[in-house]
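Containing mmCIF, C-alpha atoms: work.cif.
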```
data_my_file
#
loop_
_atom_site.label_atom_id
_atom_site.label_comp_id
_atom_site.auth_asym_id
_atom_site.auth_seq_id
_atom_site.Cartn_x
_atom_site.Cartn_y
_atom_site.Cartn_z
CA PRO A 786 0.00 0.00 0.00
CA GLY A 787 0.89 3.63 -0.42
CA VAL A 788 -0.40 6.86 1.09
CA ILE A 789 -1.38 10.25 -0.27
CA ALA A 790 -1.24 13.01 2.37
CA ALA A 791 -3.00 16.35 2.05
CA VAL A 792 -1.24 18.43 4.70
CA THR A 793 -3.26 21.49 5.70
CA ASP A 794 -2.77 24.48 7.97
CA GLY A 795 -6.12 26.18 8.31
CA GLU A 796 -6.83 27.61 4.86
CA ARG A 797 -3.60 26.35 3.23
CA ILE A 798 -2.41 23.08 1.71
CA VAL A 799 1.13 21.90 0.93
CA LEU A 800 1.61 21.16 -2.77
CA THR A 801 4.78 19.57 -4.11
CA ARG A 802 6.62 18.99 -7.37
CA TYR A 803 8.75 15.90 -7.84
CA GLN A 804 12.41 16.11 -8.81
CA GLY A 805 13.51 14.75 -12.19
CA ARG A 806 10.14 13.85 -13.70
CA ALA A 807 9.28 14.81 -17.25
CA LEU A 808 5.69 15.63 -16.29
CA LYS A 809 5.83 18.54 -13.84
CA LEU A 810 2.39 18.38 -12.20
CA TRP A 811 1.68 19.57 -8.67
CA ALA A 812 1.10 16.75 -6.21
CA LEU A 813 0.55 15.91 -2.56
CA VAL A 814 3.04 14.13 -0.32
CA ALA A 815 3.02 10.41 -1.09
CA GLY A 816 4.93 7.25 -0.34
CA PHE A 817 4.84 3.52 0.24
CA THR A 818 4.24 1.70 3.51
CA GLU A 819 7.19 -0.21 4.96
CA ILE A 820 6.83 -3.78 6.23
CA GLY A 821 5.32 -3.71 9.74
CA GLU A 822 4.33 -0.03 9.51
CA SER A 823 0.76 1.20 9.90
CA VAL A 824 -0.57 3.46 7.15
CA GLU A 825 -0.97 6.24 9.73
CA ASP A 826 2.72 5.93 10.63
CA THR A 827 3.50 5.96 6.90
CA VAL A 828 1.74 9.33 6.57
CA ARG A 829 3.74 10.76 9.49
CA ARG A 830 7.05 9.36 8.20
CA GLU A 831 6.59 10.36 4.55
CA VAL A 832 5.52 13.91 5.41
CA MET A 833 8.55 14.30 7.69
CA GLU A 834 10.94 12.72 5.16
CA GLU A 835 9.73 14.73 2.18
CA VAL A 836 8.80 18.15 3.59
CA GLY A 837 10.08 18.16 7.19
CA LEU A 838 6.66 18.72 8.79
CA ARG A 839 5.02 17.01 11.73
CA VAL A 840 1.33 16.21 11.33
CA LYS A 841 -1.65 15.44 13.56
CA ASN A 842 -5.39 14.82 13.26
CA LEU A 843 -5.08 12.26 10.46
CA ARG A 844 -8.41 11.63 8.71
CA PHE A 845 -8.81 8.79 6.23
CA TYR A 846 -10.50 10.03 3.06
CA LYS A 847 -10.69 7.10 0.64
CA SER A 848 -8.67 4.53 -1.29
CA GLN A 849 -7.81 4.06 -4.95
CA PRO A 850 -6.25 1.09 -6.75
CA TRP A 851 -3.28 2.45 -8.72
CA VAL A 852 -2.35 0.35 -11.74
CA LEU A 853 0.90 2.22 -12.48
CA THR A 854 2.55 0.79 -9.35
CA ASP A 855 0.21 -2.18 -8.81
CA SER A 856 -0.69 -0.82 -5.39
CA LEU A 857 -3.53 0.44 -3.26
CA LEU A 858 -3.36 4.13 -2.37
CA LEU A 859 -4.91 5.40 0.86
CA GLY A 860 -5.71 9.10 1.01
CA PHE A 861 -5.49 11.07 4.25
CA PHE A 862 -6.09 14.67 5.21
CA CYS A 863 -3.98 15.87 8.15
CA ASP A 864 -3.05 19.07 9.94
CA VAL A 865 0.43 20.49 10.38
CA ASP A 866 1.66 20.18 13.97
CA GLY A 867 4.11 22.94 14.93
CA ASP A 868 6.34 24.91 12.60
CA PRO A 869 4.65 25.11 9.16
CA THR A 870 7.84 25.80 7.20
CA PRO A 871 8.37 23.08 4.55
CA VAL A 872 11.95 21.84 4.34
CA LEU A 873 12.89 19.53 1.46
CA ARG A 874 14.68 16.62 3.09
CA ASP A 875 15.18 13.51 0.98
CA GLY A 876 15.90 14.87 -2.50
CA GLU A 877 12.72 13.37 -3.97
CA LEU A 878 11.01 16.76 -4.33
CA ALA A 879 12.01 19.86 -6.24
CA LEU A 880 9.50 22.12 -4.50
CA ALA A 881 7.03 22.21 -1.60
CA GLU A 882 4.94 25.26 -0.84
CA TRP A 883 1.70 26.36 0.81
CA HIS A 884 -1.31 27.35 -1.29
CA THR A 885 -4.72 28.78 -0.44
CA PRO A 886 -7.85 27.53 -2.23
CA GLU A 887 -7.75 30.62 -4.45
CA ASP A 888 -4.14 30.16 -5.59
CA VAL A 889 -3.99 26.38 -6.14
CA PRO A 890 -2.31 26.01 -9.55
CA ALA A 891 -4.37 24.37 -12.29
CA ASP A 892 -1.68 21.90 -13.36
CA TYR A 893 -2.34 18.79 -11.26
CA SER A 894 -3.73 15.37 -12.19
CA ARG A 895 -7.51 15.26 -12.51
CA ILE A 896 -7.69 11.44 -12.82
CA SER A 897 -6.07 10.49 -9.53
CA LEU A 898 -6.86 10.43 -5.85
CA THR A 899 -4.38 13.30 -5.49
CA GLY A 900 -6.40 15.46 -7.87
CA GLU A 901 -9.67 14.62 -6.16
CA MET A 902 -8.21 15.56 -2.78
CA ILE A 903 -6.83 18.86 -4.11
CA ASP A 904 -10.27 19.60 -5.60
CA ARG A 905 -11.94 18.88 -2.24
CA PHE A 906 -9.55 21.34 -0.59
CA ARG A 907 -10.22 24.01 -3.23
CA GLU A 908 -13.97 23.58 -2.71
CA GLY A 909 -13.69 23.73 1.11
CA ARG A 910 -14.97 20.16 1.46
CA ILE A 911 -12.26 18.43 3.47
CA PRO A 912 -13.16 16.18 6.41
CA LYS A 913 -12.75 17.89 9.79
#
```

What's the structure tokens form of this structure?
Amino acid sequence: PGVIAAVTDGERIVLTRYQGRALKLWALVAGFTEIGESVEDTVRREVMEEVGLRVKNLRFYKSQPWVLTDSLLLGFFCDVDGDPTPVLRDGELALAEWHTPEDVPADYSRISLTGEMIDRFREGRIPK
């Protein structure tokens, strides 16, 4: 399994761009679960590894089978816990920055769980 994490801070969401990919779409923090790790711990670890943020109040949103990696993706919304300054940590990302619903860029996947979660944020319909 893998996780997709929509990290929010009130009226902002962290959007990322991956390093070294030909397609430069905005994305959410994502990663795969390690053996013996809960999906909730995966969210906490991946967010810390990729953008250096601690998170709390994890809320499961929904799942999506993902044929490209033959995996099941589990989407979570979560809140930043503490300092909201993103710090790129593992070299996987080229960029991580906060966006409000009004300034979410238009170039993100519309066919994925990531895109659906970004749309929910833009529309103010995230689980509390």

Check your understanding: What lies within 9 Å of Glu831 of chain A using only C-alpha atoms, ignoring chain neighbours under 6 positions off, as a PyMOL selection string?
Key -> chain A and resi 788+790+814-817+837

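Of the listed residues A:Pro786, A:Thr899, A:Ser894, A:Ala807, the one whose atoms come nearest to Glu822 of chain A is A:Pro786, with distances taken using only C-alpha atoms.
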
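Picture a line from atom CA of Leu878 of chain A to atom CA of Arg802 of chain A; it runs 5.8 Å.
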
Point to revise | Option closest in space to Glu796 of chain A, from A:Lys847, A:Lys913, A:Arg895, A:His884 [counting only C-alpha atoms] | key: A:His884

Contacts of Gly795 of chain A at 12 Å (all atoms listed in the file; same-chain gap of 6+ positions) as a tab-separated table (two decimals) with C-alpha atoms, keeping the file's coordinate frame:
```
chain	number	residue	atom	x	y	z
A	862	PHE	CA	-6.09	14.67	5.21
A	863	CYS	CA	-3.98	15.87	8.15
A	864	ASP	CA	-3.05	19.07	9.94
A	865	VAL	CA	0.43	20.49	10.38
A	866	ASP	CA	1.66	20.18	13.97
A	869	PRO	CA	4.65	25.11	9.16
A	883	TRP	CA	1.70	26.36	0.81
A	884	HIS	CA	-1.31	27.35	-1.29
A	885	THR	CA	-4.72	28.78	-0.44
A	886	PRO	CA	-7.85	27.53	-2.23
A	906	PHE	CA	-9.55	21.34	-0.59
A	909	GLY	CA	-13.69	23.73	1.11
A	911	ILE	CA	-12.26	18.43	3.47
A	913	LYS	CA	-12.75	17.89	9.79
```

What box, with edges along x, y and z, holds each listed atom of segment 888-906 of chain A when 8 Å is added on every side, and can you state its centre and edge lengths in Å to one decimal, as lines of an AutoDock Vina configuration file?
```
center_x = -6.8
center_y = 20.3
center_z = -7.0
size_x = 26.3
size_y = 35.7
size_z = 28.8
```

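Proximity to Glu882 of chain A was assessed for A:Met833, A:Leu800, A:Val824, A:Leu853 counting all atoms listed in the file; the smallest distance is recorded for A:Leu800.
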
**Study point:** Point-to-point distance in Å for atom CA of Gly860 of chain A and atom CA of Ile789 of chain A
**Key:** 4.7 Å

Exercise for review: Would you please work out which residue, of A:Leu810, A:Glu834, A:Gln804, A:Asp826, is nearest to Ala891 of chain A when using only C-alpha atoms?
Suggested key: A:Leu810

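Nearest to Thr818 of chain A of all the residues A:Gly787, A:Arg797, A:Ser897, A:Leu838 is A:Gly787, counting only C-alpha atoms.
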
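The spacing separating atom CA of Thr870 of chain A from atom CA of Arg839 of chain A amounts to 10.3 Å.
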
Point to revise | Residue nearest Tyr803 of chain A among A:Asp855, A:Asp904, A:Asp868, A:Glu835 (counting all atoms listed in the file) | key: A:Glu835

Within 9 Å of Gln849 of chain A, counting only C-alpha atoms, which residues qualify if same-chain residues fewer than 3 places away don't, as a CSV table (one decimal) with C-alpha atoms, in the coordinates of the input?
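Saved the output as part11.csv:
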```csv
chain,number,residue,atom,x,y,z
A,856,SER,CA,-0.7,-0.8,-5.4
A,857,LEU,CA,-3.5,0.4,-3.3
A,858,LEU,CA,-3.4,4.1,-2.4
A,859,LEU,CA,-4.9,5.4,0.9
A,860,GLY,CA,-5.7,9.1,1.0
A,897,SER,CA,-6.1,10.5,-9.5
A,898,LEU,CA,-6.9,10.4,-5.8
```

Exercise for review: Mind checking which residues fall within 9 Å of Pro912 of chain A, counting only C-alpha atoms, ignoring those fewer than 6 positions away in the same chain, and posting them as a ChimeraX atom specification?
Suggested key: /A:844-846,862

Got a minute to add all heavy atoms to segment 829-840 of chain A and dump it as a short mmCIF file (atom, residue, chain, number, x, y, z; two decimals), keeping the file's coordinate frame?
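Result file selection_16.cif:
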```cif
data_model
loop_
_atom_site.label_atom_id
_atom_site.label_comp_id
_atom_site.auth_asym_id
_atom_site.auth_seq_id
_atom_site.Cartn_x
_atom_site.Cartn_y
_atom_site.Cartn_z
N ARG A 829 2.86 9.94 8.64
CA ARG A 829 3.74 10.76 9.49
C ARG A 829 5.18 10.72 8.98
O ARG A 829 5.86 11.75 8.89
CB ARG A 829 3.68 10.29 10.93
CG ARG A 829 2.35 10.58 11.61
CD ARG A 829 2.34 10.09 13.07
NE ARG A 829 1.00 10.07 13.60
CZ ARG A 829 0.20 9.00 13.61
NH1 ARG A 829 0.61 7.84 13.15
NH2 ARG A 829 -1.02 9.09 14.09
N ARG A 830 5.67 9.52 8.65
CA ARG A 830 7.05 9.36 8.20
C ARG A 830 7.28 10.04 6.85
O ARG A 830 8.25 10.78 6.67
CB ARG A 830 7.41 7.87 8.10
CG ARG A 830 8.83 7.63 7.58
CD ARG A 830 9.15 6.16 7.45
NE ARG A 830 8.18 5.40 6.68
CZ ARG A 830 8.09 5.39 5.34
NH1 ARG A 830 8.92 6.14 4.61
NH2 ARG A 830 7.18 4.64 4.72
N GLU A 831 6.40 9.79 5.89
CA GLU A 831 6.59 10.36 4.55
C GLU A 831 6.53 11.88 4.56
O GLU A 831 7.33 12.54 3.89
CB GLU A 831 5.55 9.80 3.56
CG GLU A 831 5.81 8.37 3.15
CD GLU A 831 7.04 8.20 2.27
OE1 GLU A 831 7.53 9.19 1.67
OE2 GLU A 831 7.54 7.06 2.17
N VAL A 832 5.60 12.45 5.33
CA VAL A 832 5.52 13.91 5.41
C VAL A 832 6.80 14.46 6.02
O VAL A 832 7.38 15.43 5.51
CB VAL A 832 4.27 14.36 6.20
CG1 VAL A 832 4.30 15.87 6.44
CG2 VAL A 832 2.99 13.97 5.45
N MET A 833 7.30 13.83 7.08
CA MET A 833 8.55 14.30 7.69
C MET A 833 9.73 14.13 6.73
O MET A 833 10.56 15.03 6.58
CB MET A 833 8.81 13.54 9.00
CG MET A 833 10.11 13.94 9.69
SD MET A 833 10.29 15.71 10.04
CE MET A 833 9.15 15.91 11.39
N GLU A 834 9.83 12.97 6.07
CA GLU A 834 10.94 12.72 5.16
C GLU A 834 10.94 13.68 3.97
O GLU A 834 11.99 14.14 3.55
CB GLU A 834 10.89 11.28 4.62
CG GLU A 834 11.34 10.24 5.60
CD GLU A 834 11.26 8.83 5.04
OE1 GLU A 834 10.90 8.63 3.85
OE2 GLU A 834 11.53 7.90 5.82
N GLU A 835 9.78 13.94 3.42
CA GLU A 835 9.73 14.73 2.18
C GLU A 835 9.69 16.23 2.41
O GLU A 835 10.32 16.98 1.66
CB GLU A 835 8.54 14.30 1.32
CG GLU A 835 8.72 12.90 0.77
CD GLU A 835 7.65 12.50 -0.22
OE1 GLU A 835 6.84 13.37 -0.63
OE2 GLU A 835 7.63 11.32 -0.60
N VAL A 836 8.94 16.70 3.41
CA VAL A 836 8.80 18.15 3.59
C VAL A 836 9.13 18.64 5.00
O VAL A 836 8.93 19.81 5.32
CB VAL A 836 7.40 18.65 3.17
CG1 VAL A 836 7.19 18.45 1.68
CG2 VAL A 836 6.30 17.97 3.96
N GLY A 837 9.61 17.75 5.88
CA GLY A 837 10.08 18.16 7.19
C GLY A 837 9.01 18.69 8.13
O GLY A 837 9.31 19.46 9.03
N LEU A 838 7.76 18.26 7.94
CA LEU A 838 6.66 18.72 8.79
C LEU A 838 6.13 17.60 9.66
O LEU A 838 6.05 16.45 9.21
CB LEU A 838 5.51 19.27 7.93
CG LEU A 838 5.82 20.47 7.04
CD1 LEU A 838 4.63 20.78 6.15
CD2 LEU A 838 6.23 21.67 7.87
N ARG A 839 5.74 17.95 10.87
CA ARG A 839 5.02 17.01 11.73
C ARG A 839 3.54 17.21 11.46
O ARG A 839 3.09 18.32 11.19
CB ARG A 839 5.31 17.28 13.20
CG ARG A 839 6.74 17.01 13.58
CD ARG A 839 6.91 17.10 15.10
NE ARG A 839 8.30 17.00 15.46
CZ ARG A 839 9.04 15.89 15.42
NH1 ARG A 839 8.48 14.76 15.05
NH2 ARG A 839 10.30 15.90 15.76
N VAL A 840 2.77 16.11 11.58
CA VAL A 840 1.33 16.21 11.33
C VAL A 840 0.52 15.55 12.45
O VAL A 840 1.04 14.70 13.19
CB VAL A 840 0.93 15.58 9.97
CG1 VAL A 840 1.50 16.40 8.82
CG2 VAL A 840 1.36 14.13 9.88
#
```
